[in-house]
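Structure below is upload_34.cif: mmCIF, C-alpha atoms and all ligand atoms.
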data_upload
#
loop_
_atom_site.group_PDB
_atom_site.id
_atom_site.type_symbol
_atom_site.label_atom_id
_atom_site.label_comp_id
_atom_site.auth_asym_id
_atom_site.auth_seq_id
_atom_site.Cartn_x
_atom_site.Cartn_y
_atom_site.Cartn_z
ATOM 1 C CA MET A 75 6.226 -5.147 -48.337
ATOM 2 C CA SER A 76 5.940 -1.438 -47.695
ATOM 3 C CA GLY A 77 6.430 -0.249 -44.126
ATOM 4 C CA GLU A 78 2.787 0.417 -43.505
ATOM 5 C CA PHE A 79 1.642 -2.852 -45.038
ATOM 6 C CA ALA A 80 4.121 -4.764 -42.908
ATOM 7 C CA TYR A 81 2.855 -2.939 -39.820
ATOM 8 C CA ILE A 82 -0.786 -3.761 -40.635
ATOM 9 C CA GLU A 83 0.184 -7.404 -41.068
ATOM 10 C CA TRP A 84 1.935 -7.236 -37.707
ATOM 11 C CA LEU A 85 -1.235 -5.752 -36.120
ATOM 12 C CA ARG A 86 -3.497 -8.318 -37.775
ATOM 13 C CA LYS A 87 -1.563 -11.227 -36.383
ATOM 14 C CA ARG A 88 -2.000 -9.783 -32.913
ATOM 15 C CA THR A 89 -5.755 -9.054 -33.043
ATOM 16 C CA PRO A 90 -7.696 -11.738 -31.149
ATOM 17 C CA THR A 91 -11.025 -12.950 -32.500
ATOM 18 C CA HIS A 92 -14.153 -11.499 -30.879
ATOM 19 C CA PRO A 93 -17.827 -12.447 -31.380
ATOM 20 C CA ARG A 94 -18.780 -8.851 -32.276
ATOM 21 C CA VAL A 95 -15.992 -8.368 -34.850
ATOM 22 C CA LEU A 96 -17.137 -9.475 -38.316
ATOM 23 C CA ILE A 97 -14.241 -7.747 -40.119
ATOM 24 C CA GLY A 98 -11.086 -6.775 -38.212
ATOM 25 C CA PRO A 99 -8.059 -4.699 -39.267
ATOM 26 C CA GLY A 100 -6.818 -4.913 -42.862
ATOM 27 C CA ASP A 101 -9.850 -3.890 -44.936
ATOM 28 C CA ASP A 102 -11.109 -0.361 -45.651
ATOM 29 C CA CYS A 103 -13.413 -0.539 -42.636
ATOM 30 C CA ALA A 104 -13.913 -2.862 -39.733
ATOM 31 C CA ALA A 105 -17.384 -4.371 -39.299
ATOM 32 C CA LEU A 106 -18.991 -4.961 -35.912
ATOM 33 C CA ALA A 107 -22.135 -7.019 -35.367
ATOM 34 C CA PRO A 108 -24.897 -4.732 -34.033
ATOM 35 C CA GLY A 109 -26.215 -5.288 -30.524
ATOM 36 C CA THR A 110 -29.703 -4.633 -29.212
ATOM 37 C CA ARG A 111 -28.752 -1.854 -26.789
ATOM 38 C CA PRO A 112 -27.496 1.719 -27.347
ATOM 39 C CA LEU A 113 -23.930 2.016 -28.579
ATOM 40 C CA LEU A 114 -21.633 4.157 -26.415
ATOM 41 C CA VAL A 115 -18.869 6.058 -28.241
ATOM 42 C CA THR A 116 -15.989 7.955 -26.669
ATOM 43 C CA THR A 117 -12.682 9.354 -27.898
ATOM 44 C CA ASP A 118 -9.618 10.801 -26.221
ATOM 45 C CA MET A 119 -6.411 12.221 -27.694
ATOM 46 C CA LEU A 120 -3.102 12.219 -25.821
ATOM 47 C CA MET A 121 -0.241 14.505 -26.851
ATOM 48 C CA ASP A 122 3.448 14.384 -26.041
ATOM 49 C CA GLY A 123 4.238 17.336 -23.799
ATOM 50 C CA THR A 124 0.674 17.672 -22.492
ATOM 51 C CA ASP A 125 -0.455 14.227 -21.346
ATOM 52 C CA PHE A 126 2.919 12.477 -21.075
ATOM 53 C CA LEU A 127 6.598 13.075 -21.832
ATOM 54 C CA LEU A 128 7.843 10.656 -24.476
ATOM 55 C CA ALA A 129 11.436 11.427 -23.470
ATOM 56 C CA GLU A 130 10.756 10.186 -19.935
ATOM 57 C CA VAL A 131 8.107 7.472 -20.230
ATOM 58 C CA ASP A 132 8.177 3.944 -21.633
ATOM 59 C CA PRO A 133 5.941 3.990 -24.771
ATOM 60 C CA ARG A 134 4.089 0.917 -23.504
ATOM 61 C CA ARG A 135 2.814 2.950 -20.554
ATOM 62 C CA ILE A 136 1.686 5.688 -22.964
ATOM 63 C CA GLY A 137 -0.222 3.139 -25.055
ATOM 64 C CA ARG A 138 -1.705 1.697 -21.896
ATOM 65 C CA LYS A 139 -2.893 5.133 -20.750
ATOM 66 C CA ALA A 140 -4.339 6.009 -24.182
ATOM 67 C CA MET A 141 -6.587 2.942 -23.961
ATOM 68 C CA ALA A 142 -7.290 3.272 -20.227
ATOM 69 C CA VAL A 143 -8.625 6.863 -20.344
ATOM 70 C CA ASN A 144 -11.244 5.752 -22.867
ATOM 71 C CA LEU A 145 -12.151 2.680 -20.812
ATOM 72 C CA SER A 146 -12.623 5.012 -17.849
ATOM 73 C CA ASP A 147 -15.237 7.002 -19.799
ATOM 74 C CA ILE A 148 -17.132 3.797 -20.612
ATOM 75 C CA ALA A 149 -16.913 2.891 -16.891
ATOM 76 C CA ALA A 150 -18.391 6.303 -16.011
ATOM 77 C CA MET A 151 -21.534 5.374 -18.000
ATOM 78 C CA ALA A 152 -21.566 1.871 -16.452
ATOM 79 C CA GLY A 153 -21.055 0.450 -19.945
ATOM 80 C CA VAL A 154 -19.349 -2.632 -21.332
ATOM 81 C CA PRO A 155 -16.478 -1.866 -23.753
ATOM 82 C CA ILE A 156 -16.631 -3.642 -27.151
ATOM 83 C CA ALA A 157 -13.914 -2.533 -29.592
ATOM 84 C CA ALA A 158 -11.462 0.296 -30.281
ATOM 85 C CA VAL A 159 -9.899 2.113 -33.226
ATOM 86 C CA VAL A 160 -6.599 3.978 -32.908
ATOM 87 C CA SER A 161 -4.915 6.861 -34.758
ATOM 88 C CA VAL A 162 -1.262 7.660 -34.187
ATOM 89 C CA ALA A 163 0.856 10.569 -35.488
ATOM 90 C CA LEU A 164 4.458 9.451 -35.060
ATOM 91 C CA PRO A 165 7.402 11.839 -34.780
ATOM 92 C CA GLN A 166 10.042 11.430 -37.509
ATOM 93 C CA ILE A 167 12.576 9.494 -35.486
ATOM 94 C CA THR A 168 14.787 6.626 -36.642
ATOM 95 C CA ASN A 169 13.026 3.936 -34.602
ATOM 96 C CA ALA A 170 9.442 5.069 -35.310
ATOM 97 C CA ARG A 171 8.277 1.536 -36.219
ATOM 98 C CA LYS A 172 9.522 0.246 -32.878
ATOM 99 C CA LEU A 173 7.719 3.135 -31.128
ATOM 100 C CA ALA A 174 4.469 2.277 -32.967
ATOM 101 C CA GLU A 175 4.774 -1.373 -31.943
ATOM 102 C CA GLU A 176 5.474 -0.539 -28.302
ATOM 103 C CA LEU A 177 2.472 1.841 -28.184
ATOM 104 C CA TYR A 178 0.284 -0.861 -29.679
ATOM 105 C CA LEU A 179 1.526 -3.483 -27.221
ATOM 106 C CA GLY A 180 0.719 -1.104 -24.345
ATOM 107 C CA MET A 181 -2.773 -0.486 -25.735
ATOM 108 C CA ARG A 182 -3.280 -4.233 -26.180
ATOM 109 C CA GLU A 183 -2.125 -4.979 -22.647
ATOM 110 C CA MET A 184 -4.890 -2.730 -21.285
ATOM 111 C CA ALA A 185 -7.500 -3.694 -23.903
ATOM 112 C CA ASP A 186 -6.946 -7.429 -23.296
ATOM 113 C CA ARG A 187 -7.947 -7.066 -19.662
ATOM 114 C CA PHE A 188 -11.417 -6.052 -20.848
ATOM 115 C CA GLN A 189 -11.601 -8.284 -23.964
ATOM 116 C CA VAL A 190 -11.506 -5.244 -26.266
ATOM 117 C CA PRO A 191 -10.095 -5.874 -29.772
ATOM 118 C CA ILE A 192 -8.411 -3.019 -31.661
ATOM 119 C CA VAL A 193 -10.205 -3.337 -34.985
ATOM 120 C CA GLY A 194 -8.589 -0.600 -37.038
ATOM 121 C CA GLY A 195 -6.754 2.665 -37.173
ATOM 122 C CA ASP A 196 -4.313 4.872 -38.986
ATOM 123 C CA THR A 197 -0.619 5.543 -38.504
ATOM 124 C CA ASN A 198 1.151 8.559 -40.017
ATOM 125 C CA SER A 199 4.369 10.403 -39.340
ATOM 126 C CA TRP A 200 4.964 14.148 -39.293
ATOM 127 C CA ASP A 201 7.511 16.707 -38.100
ATOM 128 C CA GLY A 202 5.637 17.189 -34.829
ATOM 129 C CA LYS A 203 5.430 15.320 -31.546
ATOM 130 C CA LEU A 204 3.727 12.005 -30.849
ATOM 131 C CA VAL A 205 -0.081 12.204 -30.813
ATOM 132 C CA ILE A 206 -2.243 9.176 -30.091
ATOM 133 C CA SER A 207 -6.024 9.088 -30.328
ATOM 134 C CA VAL A 208 -8.214 6.161 -29.316
ATOM 135 C CA THR A 209 -11.926 5.836 -30.054
ATOM 136 C CA LEU A 210 -13.739 3.223 -28.021
ATOM 137 C CA PHE A 211 -17.140 1.669 -28.640
ATOM 138 C CA GLY A 212 -19.144 0.211 -25.805
ATOM 139 C CA GLU A 213 -22.634 -0.788 -24.907
ATOM 140 C CA ALA A 214 -25.042 -0.063 -22.083
ATOM 141 C CA THR A 215 -26.260 -2.998 -20.005
ATOM 142 C CA GLU A 216 -29.968 -3.872 -19.716
ATOM 143 C CA ARG A 217 -30.001 -1.425 -16.753
ATOM 144 C CA GLY A 218 -29.245 1.432 -19.198
ATOM 145 C CA SER A 219 -26.344 3.874 -18.997
ATOM 146 C CA VAL A 220 -25.673 6.175 -16.042
ATOM 147 C CA ARG A 221 -25.510 9.863 -16.898
ATOM 148 C CA ARG A 222 -24.266 12.974 -15.100
ATOM 149 C CA ASN A 223 -27.657 14.618 -14.887
ATOM 150 C CA GLY A 224 -29.660 12.520 -12.417
ATOM 151 C CA ALA A 225 -28.358 13.635 -9.000
ATOM 152 C CA LYS A 226 -30.997 15.048 -6.614
ATOM 153 C CA PRO A 227 -30.854 17.046 -3.370
ATOM 154 C CA GLY A 228 -30.506 14.525 -0.531
ATOM 155 C CA ASP A 229 -28.476 12.042 -2.620
ATOM 156 C CA TRP A 230 -25.309 10.775 -1.005
ATOM 157 C CA LEU A 231 -22.066 11.238 -2.923
ATOM 158 C CA TYR A 232 -19.343 8.592 -3.071
ATOM 159 C CA VAL A 233 -15.924 8.022 -4.637
ATOM 160 C CA THR A 234 -14.476 4.612 -5.469
ATOM 161 C CA GLY A 235 -10.938 5.233 -4.160
ATOM 162 C CA PRO A 236 -8.308 7.579 -2.709
ATOM 163 C CA LEU A 237 -7.409 10.751 -4.567
ATOM 164 C CA GLY A 238 -4.509 13.111 -5.247
ATOM 165 C CA GLY A 239 -0.895 13.012 -6.388
ATOM 166 C CA SER A 240 -1.544 10.929 -9.537
ATOM 167 C CA ILE A 241 1.286 12.801 -11.302
ATOM 168 C CA LEU A 242 3.696 10.583 -9.338
ATOM 169 C CA GLY A 243 2.748 7.731 -11.704
ATOM 170 C CA ARG A 244 -0.881 6.675 -11.231
ATOM 171 C CA HIS A 245 -1.991 8.910 -14.115
ATOM 172 C CA LEU A 246 -0.220 6.380 -16.379
ATOM 173 C CA ASP A 247 -0.821 3.145 -14.484
ATOM 174 C CA PHE A 248 -4.381 3.387 -13.141
ATOM 175 C CA MET A 249 -6.941 0.634 -13.659
ATOM 176 C CA PRO A 250 -10.226 1.806 -15.246
ATOM 177 C CA ARG A 251 -13.157 1.073 -12.920
ATOM 178 C CA ILE A 252 -15.179 -0.938 -15.448
ATOM 179 C CA ALA A 253 -15.755 -3.960 -13.185
ATOM 180 C CA GLU A 254 -16.595 -1.765 -10.190
ATOM 181 C CA ALA A 255 -19.061 0.334 -12.213
ATOM 182 C CA LEU A 256 -20.856 -2.711 -13.614
ATOM 183 C CA ALA A 257 -21.137 -4.351 -10.185
ATOM 184 C CA LEU A 258 -22.393 -1.098 -8.629
ATOM 185 C CA HIS A 259 -24.942 -0.497 -11.383
ATOM 186 C CA GLU A 260 -26.216 -4.046 -10.895
ATOM 187 C CA ALA A 261 -26.598 -3.623 -7.111
ATOM 188 C CA VAL A 262 -27.695 0.009 -6.734
ATOM 189 C CA ASP A 263 -29.849 2.559 -8.587
ATOM 190 C CA LEU A 264 -27.166 5.098 -9.510
ATOM 191 C CA ASP A 265 -28.578 8.598 -10.019
ATOM 192 C CA ALA A 266 -25.399 10.049 -11.594
ATOM 193 C CA MET A 267 -21.790 9.062 -12.224
ATOM 194 C CA ILE A 268 -18.580 10.526 -13.695
ATOM 195 C CA ASP A 269 -14.910 9.526 -13.787
ATOM 196 C CA ILE A 270 -12.314 11.838 -12.250
ATOM 197 C CA SER A 271 -10.111 13.232 -15.004
ATOM 198 C CA ASP A 272 -10.003 16.941 -14.075
ATOM 199 C CA GLY A 273 -10.106 16.510 -10.286
ATOM 200 C CA LEU A 274 -12.785 15.800 -7.686
ATOM 201 C CA SER A 275 -13.970 19.401 -7.314
ATOM 202 C CA ALA A 276 -14.131 19.988 -11.110
ATOM 203 C CA ASP A 277 -15.725 16.671 -12.056
ATOM 204 C CA LEU A 278 -18.277 16.703 -9.233
ATOM 205 C CA HIS A 279 -19.119 20.220 -10.410
ATOM 206 C CA HIS A 280 -19.989 18.736 -13.839
ATOM 207 C CA ILE A 281 -22.520 16.435 -12.123
ATOM 208 C CA LEU A 282 -23.983 19.374 -10.158
ATOM 209 C CA GLU A 283 -24.303 21.582 -13.248
ATOM 210 C CA GLU A 284 -25.934 18.851 -15.315
ATOM 211 C CA SER A 285 -28.220 17.811 -12.450
ATOM 212 C CA GLY A 286 -29.132 21.354 -11.360
ATOM 213 C CA CYS A 287 -28.266 20.900 -7.695
ATOM 214 C CA GLY A 288 -25.512 21.735 -5.184
ATOM 215 C CA ALA A 289 -23.360 19.742 -2.772
ATOM 216 C CA THR A 290 -21.680 19.856 0.598
ATOM 217 C CA LEU A 291 -18.545 17.740 1.024
ATOM 218 C CA ASP A 292 -17.108 16.509 4.310
ATOM 219 C CA ALA A 293 -13.356 17.277 4.354
ATOM 220 C CA ASP A 294 -12.638 14.483 6.848
ATOM 221 C CA ALA A 295 -14.379 11.898 4.653
ATOM 222 C CA ILE A 296 -12.439 12.529 1.424
ATOM 223 C CA PRO A 297 -10.008 9.623 0.958
ATOM 224 C CA ILE A 298 -6.502 10.987 0.497
ATOM 225 C CA HIS A 299 -3.997 8.916 -1.453
ATOM 226 C CA PRO A 300 -0.474 8.537 0.029
ATOM 227 C CA ASP A 301 0.770 10.187 -3.204
ATOM 228 C CA ALA A 302 -1.175 13.339 -2.237
ATOM 229 C CA ILE A 303 0.768 13.445 1.032
ATOM 230 C CA LEU A 304 4.060 13.017 -0.844
ATOM 231 C CA ARG A 305 3.111 15.781 -3.278
ATOM 232 C CA SER A 306 2.144 17.988 -0.389
ATOM 233 C CA GLN A 307 5.681 17.736 1.017
ATOM 234 C CA SER A 308 7.139 19.260 -2.145
ATOM 235 C CA SER A 309 4.291 21.643 -3.042
ATOM 236 C CA GLY A 310 3.624 23.030 0.432
ATOM 237 C CA ARG A 311 -0.132 22.726 -0.267
ATOM 238 C CA PRO A 312 -2.323 20.569 2.002
ATOM 239 C CA PRO A 313 -2.918 16.920 0.946
ATOM 240 C CA LEU A 314 -6.678 17.630 0.879
ATOM 241 C CA GLU A 315 -6.127 20.281 -1.782
ATOM 242 C CA HIS A 316 -4.240 17.754 -3.922
ATOM 243 C CA ALA A 317 -7.096 15.262 -3.442
ATOM 244 C CA LEU A 318 -9.635 17.888 -4.544
ATOM 245 C CA THR A 319 -7.809 19.312 -7.535
ATOM 246 C CA ASP A 320 -4.988 17.145 -8.917
ATOM 247 C CA GLY A 321 -7.013 15.142 -11.434
ATOM 248 C CA GLU A 322 -6.282 12.015 -13.482
ATOM 249 C CA ASP A 323 -7.214 9.756 -10.553
ATOM 250 C CA PHE A 324 -9.759 7.991 -12.799
ATOM 251 C CA GLU A 325 -11.805 6.920 -9.797
ATOM 252 C CA LEU A 326 -15.593 7.300 -10.101
ATOM 253 C CA ILE A 327 -17.869 9.779 -8.322
ATOM 254 C CA PHE A 328 -21.469 8.570 -7.977
ATOM 255 C CA ALA A 329 -24.739 9.767 -6.426
ATOM 256 C CA VAL A 330 -27.248 7.485 -4.679
ATOM 257 C CA SER A 331 -30.608 8.294 -3.089
ATOM 258 C CA PRO A 332 -30.901 7.729 0.705
ATOM 259 C CA GLU A 333 -33.263 4.769 0.113
ATOM 260 C CA GLN A 334 -30.529 2.954 -1.829
ATOM 261 C CA ILE A 335 -27.423 3.628 0.268
ATOM 262 C CA HIS A 336 -27.617 0.312 2.158
ATOM 263 C CA ARG A 337 -26.827 -1.354 -1.180
ATOM 264 C CA VAL A 338 -23.548 0.539 -1.691
ATOM 265 C CA PRO A 339 -20.551 -1.729 -0.911
ATOM 266 C CA SER A 340 -18.671 -0.634 2.190
ATOM 267 C CA GLN A 341 -15.308 -0.158 0.407
ATOM 268 C CA TYR A 342 -16.591 3.034 -1.239
ATOM 269 C CA HIS A 343 -16.159 6.386 0.454
ATOM 270 C CA ARG A 344 -19.121 8.607 1.249
ATOM 271 C CA ILE A 345 -17.760 12.123 0.713
ATOM 272 C CA GLY A 346 -20.833 14.334 1.022
ATOM 273 C CA VAL A 347 -24.415 15.022 0.114
ATOM 274 C CA CYS A 348 -26.290 16.795 -2.674
ATOM 275 C CA THR A 349 -28.100 19.978 -1.669
ATOM 276 C CA PRO A 350 -30.608 22.194 -3.511
ATOM 277 C CA SER A 351 -27.857 24.716 -4.351
ATOM 278 C CA GLY A 352 -24.350 25.943 -3.432
ATOM 279 C CA TYR A 353 -20.995 24.169 -3.402
ATOM 280 C CA THR A 354 -19.186 23.923 -0.078
ATOM 281 C CA ILE A 355 -16.815 21.757 1.932
ATOM 282 C CA LEU A 356 -17.163 21.317 5.703
ATOM 283 C CA GLU A 357 -13.951 21.340 7.699
ATOM 284 C CA GLY A 358 -15.111 20.490 11.203
ATOM 285 C CA THR A 359 -18.197 22.665 11.437
ATOM 286 C CA THR A 360 -16.911 25.445 9.182
ATOM 287 C CA PRO A 361 -18.333 25.477 5.646
ATOM 288 C CA ARG A 362 -15.978 26.838 2.996
ATOM 289 C CA PRO A 363 -16.992 27.644 -0.567
ATOM 290 C CA LEU A 364 -15.705 25.263 -3.263
ATOM 291 C CA THR A 365 -15.116 26.101 -6.904
ATOM 292 C CA PRO A 366 -14.475 23.762 -9.836
ATOM 293 C CA ARG A 367 -10.786 24.468 -9.269
ATOM 294 C CA GLY A 368 -10.861 23.584 -5.571
ATOM 295 C CA TRP A 369 -11.476 25.624 -2.525
ATOM 296 C CA ILE A 370 -11.096 29.363 -2.166
ATOM 297 C CA HIS A 371 -8.014 30.049 -0.058
ATOM 298 C CA PRO A 372 -8.808 32.004 3.080
ATOM 299 C CA LEU A 373 -5.821 34.269 2.340
ATOM 300 C CA SER A 374 -6.457 34.772 -1.372
HETATM 301 MG MG MG B 401 -14.971 11.293 -18.374
#

What do you get writing this file as structure tokens?
Amino acid sequence: MSGEFAYIEWLRKRTPTHPRVLIGPGDDCAALAPGTRPLLVTTDMLMDGTDFLLAEVDPRRIGRKAMAVNLSDIAAMAGVPIAAVVSVALPQITNARKLAEELYLGMREMADRFQVPIVGGDTNSWDGKLVISVTLFGEATERGSVRRNGAKPGDWLYVTGPLGGSILGRHLDFMPRIAEALALHEAVDLDAMIDISDGLSADLHHILEESGCGATLDADAIPIHPDAILRSQSSGRPPLEHALTDGEDFELIFAVSPEQIHRVPSQYHRIGVCTPSGYTILEGTTPRPLTPRGWIHPLS
């Protein structure tokens, strides 16, 4: 058996059956049974040196992250993930097959939690660094998908968990908020939602731009992760700034009209309110302008 054929056989043996998968890995294409609701499609590419350091990180964690970032995008639409395809460019190293297997096992570990089969893909090697790209298919529920463009002035803004300092490890080990998003969407009319990949101030700004409104955040209400405090000790920047700008928290930001807020579970953090225009953060009673990259330093 050639190397690639042996690897495909290895993958095949590890692909669980799934009611939507008519043809799994091993043919020219996979075949998925169509559903009745809109198909959601997302893709994300991770590169050694940019999104992780292969020299420093267990490949299983890299595989896990490659799957998890895509699951997070499906969560941000309040969708249900269905199946994934994977492309990997391997570096020309002696144990490349082992690396491919470890990546796959990491992807599987994350995919299994959400009953997502990996139904196909492509593996090549080149004289560059490791690149791994996952494409994930999902489906909206009968409630439809939640977009970025439905926030309105007066809506309350929430996040699902504490923010900042993800570089200390959470950017690899986070849990995509699929279950939380589905439960929320079931209980509450969500006007807009997004997952935090670029940072709270940048990703909330995407909601504001798409929705055509502004926001005022309450500095005291933003949940700060203990990692943001740790980072602050080495960076010299305030923990709040890490919470606003660090990114890769993969929590969700969502907007809810005042009539619906009593339905929002109490574990979520109300961080501010949508306004007709502007983008500010209140520290005590002092409003400070925010930008997608965080606040404007008083001394800058
Ligand atoms: Mg996203």

Please check which protein, DNA or RNA residues sit within 6 Å of ligand MG 401 (chain B), counting all atoms listed in the file, and write them as a PyMOL selection string.
-> chain A and resi 147+268-269

Name the residues that the PyMOL selection byres (((chain A and resi 203) around 10) and not hetatm) pulls out of this structure, and write them as a ChimeraX atom specification.
-> /A:121-123,128,163-166,199-202,204-206

Could you write out as a PyMOL selection string the residues that the PyMOL selection byres (((chain A and resi 270) around 7) and not hetatm) matches in the shown file?
-> chain A and resi 268-269+271-274+277+321-326

Written file, previous selection with C-alpha atoms, as a JSON list (two decimals), keeping the file's coordinate frame:
[["chain", "number", "residue", "atom", "x", "y", "z"],
["A", 268, "ILE", "CA", -18.58, 10.53, -13.70],
["A", 269, "ASP", "CA", -14.91, 9.53, -13.79],
["A", 271, "SER", "CA", -10.11, 13.23, -15.00],
["A", 272, "ASP", "CA", -10.00, 16.94, -14.08],
["A", 273, "GLY", "CA", -10.11, 16.51, -10.29],
["A", 274, "LEU", "CA", -12.78, 15.80, -7.69],
["A", 277, "ASP", "CA", -15.72, 16.67, -12.06],
["A", 321, "GLY", "CA", -7.01, 15.14, -11.43],
["A", 322, "GLU", "CA", -6.28, 12.02, -13.48],
["A", 323, "ASP", "CA", -7.21, 9.76, -10.55],
["A", 324, "PHE", "CA", -9.76, 7.99, -12.80],
["A", 325, "GLU", "CA", -11.80, 6.92, -9.80],
["A", 326, "LEU", "CA", -15.59, 7.30, -10.10]]

Rank A:Pro297, A:Gly286, A:Pro363, A:Gly100 by their smallest atom-to-atom distance to Ile345 of chain A, using all atoms listed in the file, and report the top residue only.
-> A:Pro297

Would you translate the PyMOL selection byres (((chain A and resi 176) around 9) and not hetatm) into the concrete set of residues it matches in this file, as a PDB file with C-alpha atoms, in the frame of the given file?
ATOM      1  CA  ASP A 132       8.177   3.944 -21.633  1.00  0.00           C
ATOM      2  CA  PRO A 133       5.941   3.990 -24.771  1.00  0.00           C
ATOM      3  CA  ARG A 134       4.089   0.917 -23.504  1.00  0.00           C
ATOM      4  CA  ARG A 135       2.814   2.950 -20.554  1.00  0.00           C
ATOM      5  CA  GLY A 137      -0.222   3.139 -25.055  1.00  0.00           C
ATOM      6  CA  ARG A 171       8.277   1.536 -36.219  1.00  0.00           C
ATOM      7  CA  LYS A 172       9.522   0.246 -32.878  1.00  0.00           C
ATOM      8  CA  LEU A 173       7.719   3.135 -31.128  1.00  0.00           C
ATOM      9  CA  ALA A 174       4.469   2.277 -32.967  1.00  0.00           C
ATOM     10  CA  GLU A 175       4.774  -1.373 -31.943  1.00  0.00           C
ATOM     11  CA  LEU A 177       2.472   1.841 -28.184  1.00  0.00           C
ATOM     12  CA  TYR A 178       0.284  -0.861 -29.679  1.00  0.00           C
ATOM     13  CA  LEU A 179       1.526  -3.483 -27.221  1.00  0.00           C
ATOM     14  CA  GLY A 180       0.719  -1.104 -24.345  1.00  0.00           C
ATOM     15  CA  MET A 181      -2.773  -0.486 -25.735  1.00  0.00           C
TER      16      MET A 181
END

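The residue that comes closest to Ala142 of chain A, out of A:Ser219, A:Thr234, A:Thr116, A:Ser308 and on the basis of all atoms listed in the file, is A:Thr116.
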
Suppose you want the space between atom CA of Ser146 of chain A and atom CA of Thr110 of chain A; what is it in Å?
-> 22.7 Å

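Atom CA of Ala317 of chain A is found 10.2 Å from atom CA of Arg305 of chain A.
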
Distance atom CA of Ala255 of chain A-atom CA of Ile281 of chain A, one decimal place?
-> 16.5 Å

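Minimum atom-to-atom distance to Leu231 of chain A, evaluated using only C-alpha atoms, belongs to A:Val347 out of A:Leu96, A:Val162, A:Ile156, A:Val347.
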